[in-house]
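Source file: protein_21.tsv. Holds: TSV, C-alpha atoms.
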```
chain	number	residue	atom	x	y	z
P	1	THR	CA	-19.11	-18.74	6.71
P	2	SER	CA	-21.03	-17.76	3.57
P	3	ASN	CA	-22.88	-14.52	3.27
P	4	THR	CA	-24.77	-12.46	0.74
P	5	GLY	CA	-26.44	-9.20	1.53
P	6	GLY	CA	-25.93	-8.90	5.28
P	7	PRO	CA	-27.87	-6.79	7.76
P	8	ASP	CA	-26.65	-3.48	6.34
P	9	THR	CA	-26.96	-3.88	2.58
P	10	PRO	CA	-25.70	-0.57	1.14
P	11	THR	CA	-26.92	1.06	-2.05
P	12	ALA	CA	-25.37	3.80	-4.14
P	13	THR	CA	-26.90	7.23	-3.65
P	14	SER	CA	-25.73	8.48	-7.04
P	15	LEU	CA	-24.12	6.93	-10.11
P	16	TRP	CA	-21.34	8.18	-12.32
P	17	GLU	CA	-21.73	11.56	-14.01
P	18	GLY	CA	-20.35	11.63	-17.54
P	19	VAL	CA	-18.13	8.58	-16.99
P	20	ASP	CA	-18.22	5.11	-18.52
P	21	PRO	CA	-16.43	3.27	-15.68
P	22	THR	CA	-14.11	0.38	-16.52
P	23	GLY	CA	-12.74	-0.19	-13.04
P	24	GLU	CA	-9.19	-0.64	-14.35
P	25	PRO	CA	-6.56	0.98	-12.09
P	26	HIS	CA	-3.22	2.20	-13.39
P	27	TYR	CA	0.04	0.18	-13.25
P	28	THR	CA	-1.74	-3.17	-12.75
P	29	ASP	CA	0.31	-4.75	-15.56
P	30	ASP	CA	3.58	-3.26	-14.32
P	31	PRO	CA	6.40	-5.81	-13.68
P	32	ASP	CA	8.02	-3.35	-11.24
P	33	TRP	CA	6.97	-2.21	-7.77
P	34	ARG	CA	7.03	1.57	-8.06
P	35	MET	CA	4.59	2.45	-5.25
P	36	TYR	CA	3.32	0.98	-2.00
P	37	GLY	CA	0.54	-1.45	-2.90
P	38	HIS	CA	1.89	-1.88	-6.48
P	39	ASP	CA	-0.89	0.01	-8.33
P	40	THR	CA	-3.61	2.63	-7.94
P	41	GLY	CA	-6.10	-0.10	-7.00
P	42	ASN	CA	-3.93	-1.09	-3.99
P	43	SER	CA	-3.94	-4.72	-5.12
P	44	PHE	CA	-0.52	-5.70	-3.69
P	45	VAL	CA	-0.44	-8.11	-6.66
P	46	ASN	CA	2.42	-8.22	-9.18
P	47	PRO	CA	1.26	-10.69	-11.86
P	48	HIS	CA	4.69	-10.74	-13.55
P	49	ALA	CA	6.63	-11.78	-10.44
P	50	PRO	CA	7.43	-15.50	-10.02
P	51	GLY	CA	8.48	-14.69	-6.46
P	52	PRO	CA	11.07	-16.47	-4.31
P	53	SER	CA	11.99	-20.11	-4.88
P	54	ASP	CA	10.46	-23.03	-2.96
P	55	ASP	CA	13.58	-23.03	-0.75
P	56	PRO	CA	14.10	-19.30	-0.23
P	57	THR	CA	16.92	-17.60	1.64
P	58	VAL	CA	17.77	-14.05	2.67
P	59	LYS	CA	20.17	-13.05	-0.10
P	60	TRP	CA	21.09	-9.68	1.35
P	61	ILE	CA	20.37	-7.33	4.26
P	62	PHE	CA	20.40	-3.54	4.22
P	63	GLU	CA	20.36	-2.04	7.70
P	64	ARG	CA	18.73	1.20	8.70
P	65	ASN	CA	18.31	2.88	12.05
P	66	LEU	CA	14.73	4.11	12.05
P	67	GLY	CA	11.69	3.96	14.28
P	68	GLY	CA	8.46	2.02	13.86
P	69	GLY	CA	5.79	2.42	11.23
P	70	THR	CA	5.48	1.70	7.53
P	71	HIS	CA	8.45	1.81	5.20
P	72	HIS	CA	7.98	1.65	1.45
P	73	PRO	CA	10.84	0.00	-0.46
P	74	LEU	CA	10.46	0.14	-4.24
P	75	ILE	CA	11.81	-2.12	-7.01
P	76	VAL	CA	12.35	-0.68	-10.50
P	77	ASP	CA	14.52	-2.32	-13.19
P	78	ARG	CA	15.90	-4.85	-10.67
P	79	THR	CA	17.03	-2.11	-8.29
P	80	VAL	CA	15.56	-1.76	-4.80
P	81	TYR	CA	15.18	1.85	-3.70
P	82	THR	CA	15.08	3.10	-0.13
P	83	TRP	CA	16.27	6.07	1.86
P	84	VAL	CA	18.51	6.43	4.93
P	85	ASP	CA	19.42	8.96	7.58
P	86	VAL	CA	23.11	9.13	6.67
P	87	GLN	CA	24.32	10.35	10.04
P	88	ASP	CA	22.84	7.39	11.93
P	89	SER	CA	23.03	4.72	9.23
P	90	PRO	CA	24.85	1.45	10.01
P	91	GLU	CA	25.57	1.37	6.26
P	92	ARG	CA	27.33	4.76	6.21
P	93	ASP	CA	30.78	3.38	5.40
P	94	ARG	CA	29.67	1.72	2.17
P	95	LEU	CA	27.39	4.52	0.94
P	96	SER	CA	30.25	6.82	-0.16
P	97	VAL	CA	28.34	9.85	1.05
P	98	GLU	CA	30.15	13.17	1.23
P	99	ASP	CA	27.39	15.44	2.46
P	100	GLY	CA	23.69	15.62	3.09
P	101	SER	CA	21.55	14.45	5.99
P	102	PHE	CA	19.58	11.92	3.97
P	103	ALA	CA	20.33	9.74	0.98
P	104	VAL	CA	18.30	7.83	-1.59
P	105	VAL	CA	19.99	4.48	-2.11
P	106	GLY	CA	19.75	1.89	-4.89
P	107	ILE	CA	20.32	-1.76	-3.97
P	108	ASP	CA	20.98	-4.44	-6.60
P	109	ALA	CA	18.04	-6.83	-6.15
P	110	GLU	CA	20.22	-9.88	-6.83
P	111	THR	CA	23.49	-9.09	-5.06
P	112	GLY	CA	22.64	-6.46	-2.46
P	113	ASP	CA	25.35	-4.12	-3.77
P	114	THR	CA	24.48	-0.51	-2.92
P	115	GLU	CA	24.83	2.82	-4.66
P	116	THR	CA	23.98	6.28	-3.38
P	117	LYS	CA	21.71	7.96	-5.90
P	118	PHE	CA	21.60	11.42	-4.37
P	119	THR	CA	21.69	13.21	-1.03
P	120	PHE	CA	19.80	16.16	0.38
P	121	THR	CA	19.51	18.12	3.59
P	122	HIS	CA	15.76	18.28	4.08
P	123	ASP	CA	13.70	16.65	6.79
P	124	LEU	CA	12.69	13.00	7.14
P	125	ILE	CA	11.07	11.50	4.04
P	126	GLY	CA	8.97	8.52	3.06
P	127	ARG	CA	6.15	7.19	0.86
P	128	PRO	CA	8.13	7.43	-2.39
P	129	ILE	CA	6.95	6.67	-5.91
P	130	ILE	CA	9.09	6.29	-9.04
P	131	HIS	CA	7.87	7.04	-12.56
P	132	ASP	CA	9.59	7.88	-15.82
P	133	GLY	CA	13.00	8.47	-14.23
P	134	ASN	CA	11.65	10.70	-11.45
P	135	MET	CA	11.21	10.05	-7.75
P	136	TYR	CA	8.52	11.78	-5.73
P	137	LEU	CA	9.03	11.97	-1.97
P	138	GLY	CA	6.73	13.05	0.84
P	139	SER	CA	7.81	14.65	4.10
P	140	VAL	CA	6.32	16.89	6.77
P	141	GLU	CA	3.97	19.31	4.97
P	142	ARG	CA	5.90	18.88	1.70
P	143	VAL	CA	6.22	16.82	-1.44
P	144	ARG	CA	9.30	17.03	-3.65
P	145	ALA	CA	10.15	15.77	-7.13
P	146	TYR	CA	13.69	14.68	-8.08
P	147	ASP	CA	15.49	13.30	-11.08
P	148	LEU	CA	16.18	9.76	-9.86
P	149	HIS	CA	19.65	9.54	-11.40
P	150	THR	CA	21.06	13.05	-11.04
P	151	GLY	CA	19.33	14.12	-7.85
P	152	GLU	CA	18.22	17.40	-9.41
P	153	ARG	CA	15.18	18.73	-7.60
P	154	HIS	CA	12.43	19.68	-10.03
P	155	TRP	CA	10.08	21.29	-7.54
P	156	GLU	CA	8.91	21.44	-3.94
P	157	SER	CA	5.25	21.76	-2.99
P	158	GLU	CA	4.46	22.99	0.49
P	159	PHE	CA	1.08	22.68	2.19
P	160	ALA	CA	0.16	22.78	5.85
P	161	PRO	CA	-3.00	20.63	5.63
P	162	ILE	CA	-1.07	17.42	4.85
P	163	VAL	CA	0.95	16.80	7.98
P	164	ALA	CA	2.71	13.57	6.94
P	165	PRO	CA	1.85	12.04	3.56
P	166	SER	CA	0.47	8.53	3.84
P	167	ALA	CA	0.72	7.69	0.14
P	168	LEU	CA	1.59	9.22	-3.21
P	169	ARG	CA	-0.16	8.11	-6.39
P	170	LEU	CA	0.74	9.37	-9.87
P	171	VAL	CA	-1.72	9.21	-12.78
P	172	ASP	CA	-0.77	11.00	-16.00
P	173	ASP	CA	0.46	14.39	-14.77
P	174	ILE	CA	-1.44	14.45	-11.47
P	175	LEU	CA	0.07	13.38	-8.16
P	176	VAL	CA	-2.47	12.46	-5.46
P	177	VAL	CA	-1.37	12.88	-1.84
P	178	THR	CA	-3.18	11.50	1.19
P	179	ASP	CA	-2.51	12.10	4.86
P	180	HIS	CA	-2.04	9.71	7.76
P	181	MET	CA	-4.34	11.45	10.21
P	182	LEU	CA	-6.93	14.17	10.28
P	183	THR	CA	-6.49	16.99	12.78
P	184	ASP	CA	-9.31	19.08	14.20
P	185	ASP	CA	-8.64	22.72	15.00
P	186	GLY	CA	-11.78	24.01	16.62
P	187	GLU	CA	-14.54	23.85	14.01
P	188	GLU	CA	-12.17	23.70	11.05
P	189	VAL	CA	-11.05	20.29	9.82
P	190	ASN	CA	-7.96	20.10	7.63
P	191	PRO	CA	-8.13	18.48	4.18
P	192	GLN	CA	-6.61	15.02	4.11
P	193	GLN	CA	-6.15	14.58	0.39
P	194	CYS	CA	-4.96	16.83	-2.41
P	195	ALA	CA	-3.81	16.72	-6.02
P	196	ILE	CA	-0.59	18.25	-7.36
P	197	ASP	CA	0.51	19.04	-10.90
P	198	ALA	CA	3.39	16.57	-11.31
P	199	THR	CA	5.28	18.84	-13.70
P	200	THR	CA	5.21	22.03	-11.62
P	201	GLY	CA	4.25	21.09	-8.06
P	202	GLU	CA	1.22	23.38	-8.17
P	203	ILE	CA	-1.58	22.32	-5.84
P	204	LEU	CA	-4.66	21.68	-8.00
P	205	TRP	CA	-7.25	20.93	-5.34
P	206	GLU	CA	-7.73	19.84	-1.73
P	207	ALA	CA	-10.57	17.83	-0.20
P	208	LEU	CA	-11.68	16.36	3.08
P	209	GLY	CA	-10.60	12.83	3.85
P	210	ASP	CA	-11.37	10.37	6.60
P	211	LYS	CA	-12.72	11.93	9.80
P	212	GLU	CA	-11.55	9.00	11.91
P	213	GLN	CA	-8.12	9.27	13.51
P	214	TYR	CA	-6.19	6.13	12.64
P	215	GLY	CA	-2.43	5.96	12.30
P	216	ILE	CA	-2.51	3.72	9.22
P	217	SER	CA	-1.62	4.25	5.58
P	218	ARG	CA	-4.51	5.76	3.67
P	219	LEU	CA	-4.18	4.48	0.12
P	220	PRO	CA	-6.56	6.21	-2.33
P	221	THR	CA	-8.32	4.24	-5.06
P	222	ILE	CA	-7.88	5.69	-8.57
P	223	ALA	CA	-9.40	4.59	-11.88
P	224	ASP	CA	-11.31	6.10	-14.81
P	225	GLY	CA	-10.05	9.59	-13.99
P	226	GLN	CA	-11.66	9.36	-10.55
P	227	VAL	CA	-10.20	9.15	-7.05
P	228	GLN	CA	-11.68	8.03	-3.75
P	229	HIS	CA	-10.11	8.45	-0.36
P	230	PRO	CA	-10.64	5.25	1.69
P	231	ASN	CA	-13.34	5.15	4.32
P	232	THR	CA	-15.17	8.08	2.69
P	233	LYS	CA	-18.18	8.31	0.37
P	234	PRO	CA	-17.30	10.90	-2.31
P	235	ILE	CA	-15.66	9.80	-5.55
P	236	ARG	CA	-13.98	12.87	-7.07
P	237	ARG	CA	-12.75	13.85	-10.50
P	238	LEU	CA	-9.00	13.50	-10.52
P	239	SER	CA	-8.55	16.69	-12.52
P	240	THR	CA	-10.74	19.03	-10.46
P	241	GLY	CA	-11.58	17.35	-7.13
P	242	LYS	CA	-15.28	17.80	-7.91
P	243	GLU	CA	-17.53	15.16	-6.36
P	244	ASN	CA	-18.69	12.95	-9.21
P	245	ALA	CA	-20.38	10.02	-7.47
P	246	VAL	CA	-21.22	8.86	-3.98
P	247	PHE	CA	-20.06	5.46	-2.80
P	248	PRO	CA	-21.98	3.29	-0.30
P	249	PRO	CA	-21.00	3.32	3.40
P	250	PRO	CA	-17.25	3.76	3.93
P	251	ARG	CA	-14.80	0.86	3.86
P	252	THR	CA	-11.26	0.65	5.19
P	253	TYR	CA	-8.37	-1.15	3.47
P	254	GLN	CA	-10.05	-0.68	0.12
P	255	VAL	CA	-8.90	-2.55	-3.00
P	256	LEU	CA	-10.07	-2.09	-6.59
P	257	ARG	CA	-9.30	-4.99	-8.91
P	258	GLU	CA	-10.80	-5.98	-12.26
P	259	GLY	CA	-13.89	-3.82	-11.85
P	260	GLU	CA	-14.70	-4.84	-8.29
P	261	VAL	CA	-14.11	-3.04	-4.98
P	262	TYR	CA	-13.33	-4.88	-1.75
P	263	GLY	CA	-13.00	-3.39	1.72
P	264	LEU	CA	-13.55	-4.02	5.41
P	265	ASN	CA	-16.68	-2.79	7.15
P	266	ARG	CA	-16.83	-2.84	10.94
P	267	THR	CA	-20.24	-3.48	12.52
P	268	ASP	CA	-20.29	-3.67	16.31
P	269	ALA	CA	-17.28	-5.88	17.16
P	270	THR	CA	-17.13	-7.67	13.80
P	271	SER	CA	-15.21	-6.62	10.70
P	272	ARG	CA	-16.66	-7.97	7.47
P	273	LEU	CA	-15.44	-8.12	3.91
P	274	VAL	CA	-17.74	-6.39	1.43
P	275	SER	CA	-17.62	-6.68	-2.36
P	276	HIS	CA	-19.02	-3.98	-4.66
P	277	SER	CA	-19.29	-3.45	-8.37
P	278	TRP	CA	-17.27	-0.41	-9.42
P	279	SER	CA	-19.53	0.34	-12.39
P	280	THR	CA	-22.87	0.20	-10.52
P	281	LEU	CA	-21.57	0.95	-7.01
P	282	GLU	CA	-23.91	-1.77	-5.73
P	283	GLU	CA	-23.04	-4.47	-3.22
P	284	ARG	CA	-22.34	-7.93	-4.62
P	285	TRP	CA	-21.93	-9.83	-1.35
P	286	THR	CA	-20.77	-9.55	2.27
P	287	TYR	CA	-18.63	-12.12	4.04
P	288	VAL	CA	-19.41	-12.28	7.76
P	289	PRO	CA	-16.74	-14.29	9.63
P	290	GLU	CA	-17.32	-16.49	12.64
P	291	LYS	CA	-15.43	-13.99	14.80
P	292	THR	CA	-13.97	-11.05	12.92
P	293	LEU	CA	-11.48	-10.06	10.24
P	294	ASN	CA	-8.36	-8.21	11.25
P	295	SER	CA	-6.83	-5.21	9.50
P	296	GLY	CA	-5.06	-5.39	6.16
P	297	TRP	CA	-5.68	-5.10	2.43
P	298	PRO	CA	-7.45	-8.05	0.77
P	299	ILE	CA	-5.56	-9.93	-1.94
P	300	VAL	CA	-7.87	-10.41	-4.92
P	301	LEU	CA	-6.88	-13.14	-7.37
P	302	GLU	CA	-8.67	-14.89	-10.23
P	303	ASP	CA	-11.30	-16.70	-8.15
P	304	VAL	CA	-10.40	-16.13	-4.49
P	305	VAL	CA	-9.98	-13.24	-2.08
P	306	VAL	CA	-7.41	-13.75	0.69
P	307	VAL	CA	-7.91	-11.80	3.93
P	308	ARG	CA	-6.46	-11.83	7.40
P	309	GLY	CA	-8.67	-13.74	9.79
P	310	PHE	CA	-8.74	-13.97	13.56
P	311	GLU	CA	-5.71	-14.93	15.71
P	312	GLY	CA	-3.06	-15.79	13.15
P	313	THR	CA	-5.22	-17.12	10.33
P	314	CYS	CA	-5.77	-16.38	6.66
P	315	VAL	CA	-9.11	-16.97	4.99
P	316	GLY	CA	-9.77	-17.69	1.32
P	317	ILE	CA	-13.17	-16.41	0.14
P	318	ASP	CA	-14.84	-17.35	-3.13
P	319	ARG	CA	-14.75	-14.24	-5.28
P	320	GLU	CA	-18.04	-15.00	-7.00
P	321	ASN	CA	-20.37	-15.63	-4.06
P	322	GLY	CA	-18.55	-14.69	-0.84
P	323	ASN	CA	-18.44	-18.25	0.54
P	324	ARG	CA	-15.44	-19.30	2.57
P	325	ARG	CA	-13.30	-21.83	0.70
P	326	TRP	CA	-10.51	-22.37	3.21
P	327	ARG	CA	-8.93	-21.12	6.41
P	328	THR	CA	-5.28	-21.58	7.35
P	329	ASP	CA	-3.61	-21.09	10.72
P	330	TYR	CA	-0.14	-19.79	9.92
P	331	SER	CA	0.87	-18.92	13.51
P	332	ALA	CA	2.42	-22.31	14.33
P	333	GLY	CA	6.21	-22.21	14.15
P	334	HIS	CA	6.47	-18.44	14.41
P	335	GLU	CA	7.79	-16.53	17.39
P	336	ASP	CA	5.28	-15.19	19.88
P	337	GLY	CA	3.64	-12.05	18.59
P	338	VAL	CA	4.71	-12.40	14.96
P	339	SER	CA	1.50	-14.03	13.79
P	340	ALA	CA	-0.61	-11.41	15.54
P	341	ARG	CA	0.50	-8.56	13.27
P	342	SER	CA	0.43	-8.71	9.51
P	343	ILE	CA	-1.55	-6.13	7.58
P	344	GLU	CA	0.21	-6.93	4.29
P	345	ARG	CA	-0.26	-9.86	2.00
P	346	VAL	CA	1.54	-9.77	-1.34
P	347	ALA	CA	0.84	-11.96	-4.37
P	348	GLY	CA	2.97	-12.89	-7.34
P	349	ALA	CA	2.25	-15.15	-10.28
P	350	GLU	CA	1.66	-18.24	-8.15
P	351	SER	CA	1.76	-17.63	-4.39
P	352	VAL	CA	0.45	-15.31	-1.70
P	353	TYR	CA	3.02	-14.09	0.82
P	354	VAL	CA	1.91	-13.09	4.32
P	355	VAL	CA	4.41	-10.38	5.31
P	356	HIS	CA	4.60	-10.18	9.09
P	357	PHE	CA	5.79	-7.28	11.20
P	358	GLY	CA	9.54	-7.74	11.62
P	359	GLY	CA	10.14	-9.15	8.13
P	360	THR	CA	9.01	-12.77	8.56
P	361	VAL	CA	7.16	-14.34	5.61
P	362	THR	CA	4.65	-17.19	5.21
P	363	ALA	CA	3.97	-18.37	1.64
P	364	LEU	CA	0.51	-19.78	0.87
P	365	ASP	CA	-1.06	-21.58	-2.08
P	366	PRO	CA	-4.10	-19.38	-2.88
P	367	ALA	CA	-6.09	-22.34	-4.23
P	368	ASP	CA	-6.42	-24.13	-0.89
P	369	GLY	CA	-4.43	-22.13	1.68
P	370	THR	CA	-1.66	-24.73	2.00
P	371	ILE	CA	1.47	-23.35	3.66
P	372	GLU	CA	4.29	-23.66	1.12
P	373	TRP	CA	7.12	-22.36	3.30
P	374	LYS	CA	8.03	-20.01	6.13
P	375	LEU	CA	11.10	-17.84	6.53
P	376	ASN	CA	12.17	-15.81	9.55
P	377	PRO	CA	15.15	-13.54	8.83
P	378	GLY	CA	15.94	-13.57	12.54
P	379	SER	CA	14.93	-10.09	13.62
P	380	GLY	CA	11.98	-11.20	15.74
P	381	TRP	CA	8.77	-9.24	16.13
P	382	SER	CA	9.01	-5.51	15.47
P	383	HIS	CA	6.46	-2.74	15.04
P	384	VAL	CA	7.77	-2.09	11.53
P	385	HIS	CA	6.42	-3.34	8.23
P	386	GLY	CA	6.58	-2.87	4.47
P	387	CYS	CA	7.03	-4.91	1.30
P	388	ALA	CA	7.86	-4.97	-2.40
P	389	LEU	CA	7.81	-7.79	-4.96
P	390	ALA	CA	9.34	-7.91	-8.45
P	391	GLY	CA	10.92	-10.78	-10.34
P	392	ASP	CA	12.07	-13.41	-7.88
P	393	THR	CA	12.81	-10.86	-5.14
P	394	LEU	CA	10.52	-10.21	-2.18
P	395	VAL	CA	11.66	-7.36	0.07
P	396	THR	CA	10.38	-7.28	3.63
P	397	VAL	CA	11.04	-4.77	6.41
P	398	GLY	CA	12.29	-5.58	9.91
P	399	SER	CA	13.37	-3.80	13.04
P	400	GLY	CA	14.69	-0.29	12.49
P	401	GLY	CA	13.56	-0.37	8.86
P	402	THR	CA	16.11	-3.04	7.93
P	403	LEU	CA	15.43	-4.47	4.47
P	404	TYR	CA	15.61	-8.20	3.72
P	405	GLY	CA	16.04	-9.33	0.11
P	406	ILE	CA	14.43	-12.78	-0.11
P	407	SER	CA	14.65	-15.00	-3.20
```
Mind converting the file's structure to structure tokens?
Amino acid sequence: TSNTGGPDTPTATSLWEGVDPTGEPHYTDDPDWRMYGHDTGNSFVNPHAPGPSDDPTVKWIFERNLGGGTHHPLIVDRTVYTWVDVQDSPERDRLSVEDGSFAVVGIDAETGDTETKFTFTHDLIGRPIIHDGNMYLGSVERVRAYDLHTGERHWESEFAPIVAPSALRLVDDILVVTDHMLTDDGEEVNPQQCAIDATTGEILWEALGDKEQYGISRLPTIADGQVQHPNTKPIRRLSTGKENAVFPPPRTYQVLREGEVYGLNRTDATSRLVSHSWSTLEERWTYVPEKTLNSGWPIVLEDVVVVRGFEGTCVGIDRENGNRRWRTDYSAGHEDGVSARSIERVAGAESVYVVHFGGTVTALDPADGTIEWKLNPGSGWSHVHGCALAGDTLVTVGSGGTLYGIS
């Protein structure tokens, strides 16, 4: 249960070139939730959010009629943003929509009152990010920029290599786009990440991403003017795409927080948690579990890292030395299947929230793993997930992309 080094201790093959790395991602001190994962380190931690009360309820429900997968609700200035297919939406009557196939909708985080922000007639969208009054949306082979309040389209960037954007990340005037899956056409492999000028939509550079074919969100790690696609070695300059450093062996579900990188490394049948220093790129420790760790982004707090363990458990790992501090079985009391799927944990100022597929939530005390409360909005297990946390509102995603406002 405690591990340093491990059988495959990685070392950096090259250090930073012309960079004094701080390891500080962008938006980490943001009280809003303007992108999936909260910040460019993919921390899923909003330090300004007190989170739901000790006796939480579902304050409002916004129904959608969508398929499975990841949906990315956002919360900015106490408004929850999502998008709907207007023609098939159960909420059509209260959206006041006159035309357009799709609509961006704002939901009052406290009351659930809805307002249509703008409509458009393009194809299915997702993976939005909001910054400085603009919304950036990804769709099949395209990214578009809109004025959030008027719906005016600033630009559209089209590129065949990115089939379906997995994540959008905005730093200064550069928008980083990553793809869900890599396709192989003979001997040519499509790029799986690119950078776009956020003011014009011009494609600045493209680069190869992960060669493995996984249908999961690929969230890039960005800090110090550098970007790394998860599960790959190169660290590239954000401005040019030039390789600027080489990271140790690839990690999935990578998180950068306070100068340290955490990610999962699969060896044989066991997934391990590995900690690295961002500045030296050297391994600090490896946590080898008794069985294995399941998928999902680690939650890194002041002195503990919370990860998803085996068969409905969460594990708290000492951030300094990689020793296990606690393990909690949160599956009891949940419907069959719910506890088996939860790749998202979200943290606020005091608690960690395990967000299950289907919208169910388990709140944990990060100090000792004590279960504080559980809430099932009633949708049951569903192959749909997503989350956002700001203020006292936690938004989870259930069947069909239905949003639950919990506080």
Review point. Looking at P:Thr267, P:Thr119, P:Ser43, P:Thr178, which one is nearest to Arg142 in chain P, with distances taken over only C-alpha atoms?
Key: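 Smallest separation from Arg142 in chain P among the options: P:Thr178.
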Select from range 58-89 of chain P every residue with an atom at most 12 Å from any atom of range 341-362 of chain P, then for each give the shortest pair of atoms and their distance in Å to one decimal, using only C-alpha atoms, rows by chain and rising number, as a tab-separated table.
```
residue	atom	partner	partner_atom	distance
P:Val58	CA	P:Gly359	CA	10.6
P:Ile61	CA	P:Gly359	CA	11.1
P:Gly68	CA	P:Phe357	CA	10.0
P:Gly69	CA	P:Phe357	CA	9.7
P:Thr70	CA	P:Phe357	CA	9.7
P:His71	CA	P:Phe357	CA	11.2
P:His72	CA	P:Glu344	CA	11.9
```
Practice item. Identify, on the basis of all atoms listed in the file, every residue whose closest approach to Lys242 in chain P does not exceed 10 Å; exclude the query and any residue fewer than 3 positions from it along the same chain; express the result as a ChimeraX atom specification. Key: /P:205-207,226,234-239,245
Practice item. Write out as a PyMOL selection string which residues come within 10 Å of range 397-407 of chain P when counting only C-alpha atoms, dropping same-chain ones fewer than 2 positions away. Key: chain P and resi 50-73+80+82-84+107-112+355-361+375+377-389+391-395
Using all atoms listed in the file, I'd like a table of the residues in range 194-313 of chain P that come within 9 Å of range 33-41 of chain P; for each, show the closest atom pair and its distance in Å rounded to one decimal, ordered by chain and ascending number, as a Markdown table.
```
| residue | atom | partner | partner_atom | distance |
| --- | --- | --- | --- | --- |
| P:Leu219 | CA | P:Gly37 | CA | 8.2 |
| P:Pro220 | CA | P:Thr40 | CA | 7.3 |
| P:Thr221 | CA | P:Gly41 | CA | 5.2 |
| P:Ile222 | CA | P:Thr40 | CA | 5.3 |
| P:Ala223 | CA | P:Thr40 | CA | 7.3 |
| P:Gln254 | CA | P:Gly41 | CA | 8.2 |
| P:Val255 | CA | P:Gly41 | CA | 5.5 |
| P:Leu256 | CA | P:Gly41 | CA | 4.5 |
| P:Arg257 | CA | P:Gly41 | CA | 6.1 |
| P:Val261 | CA | P:Gly41 | CA | 8.8 |
| P:Trp297 | CA | P:Gly37 | CA | 9.0 |
```
Keeping only C-alpha atoms, write the selected residues as a PDB file, in the frame of the given file.
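Heads up, here's the output in selection.pdb:
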```
ATOM      1  CA  LEU P 219      -4.180   4.480   0.120  1.00  0.00           C
ATOM      2  CA  PRO P 220      -6.560   6.210  -2.330  1.00  0.00           C
ATOM      3  CA  THR P 221      -8.320   4.240  -5.060  1.00  0.00           C
ATOM      4  CA  ILE P 222      -7.880   5.690  -8.570  1.00  0.00           C
ATOM      5  CA  ALA P 223      -9.400   4.590 -11.880  1.00  0.00           C
ATOM      6  CA  GLN P 254     -10.050  -0.680   0.120  1.00  0.00           C
ATOM      7  CA  VAL P 255      -8.900  -2.550  -3.000  1.00  0.00           C
ATOM      8  CA  LEU P 256     -10.070  -2.090  -6.590  1.00  0.00           C
ATOM      9  CA  ARG P 257      -9.300  -4.990  -8.910  1.00  0.00           C
ATOM     10  CA  VAL P 261     -14.110  -3.040  -4.980  1.00  0.00           C
ATOM     11  CA  TRP P 297      -5.680  -5.100   2.430  1.00  0.00           C
TER      12      TRP P 297
END
```
Exercise for review: Write out as an MDAnalysis selection string each polymer residue whose atoms come within 10 Å of range 133-138 of chain P, counting all atoms listed in the file; drop sequence neighbours fewer than 4 positions from it.
Suggested key: chainID P and resid 34 76 81 104 123:129 142:157 162:170 175 177 198
Exercise for review: Take CA of Leu15 in chain P and CA of Ile299 in chain P and report the distance between them in Å, one decimal.
Suggested key: 26.4 Å
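What separates CA of Tyr287 in chain P from CA of Asn323 in chain P is a distance of 7.1 Å.
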Review point. What is the CA of Val300 in chain P-CA of Val45 in chain P distance in Å, reported with one decimal?
Key: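 Between CA of Val300 in chain P and CA of Val45 in chain P the gap is 8.0 Å.
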Study note, to complete from the structure: Using all atoms listed in the file, the shortest atom-to-atom distance to Thr28 in chain P among P:Glu258, P:Phe120, P:Ser295, P:Val140 belongs to P:Glu258
Study note, to complete from the structure: Among P:Gly225, P:Gly312, P:Gly106, P:Gly322, Asp20 in chain P is approached most closely, using only C-alpha atoms, by P:Gly225
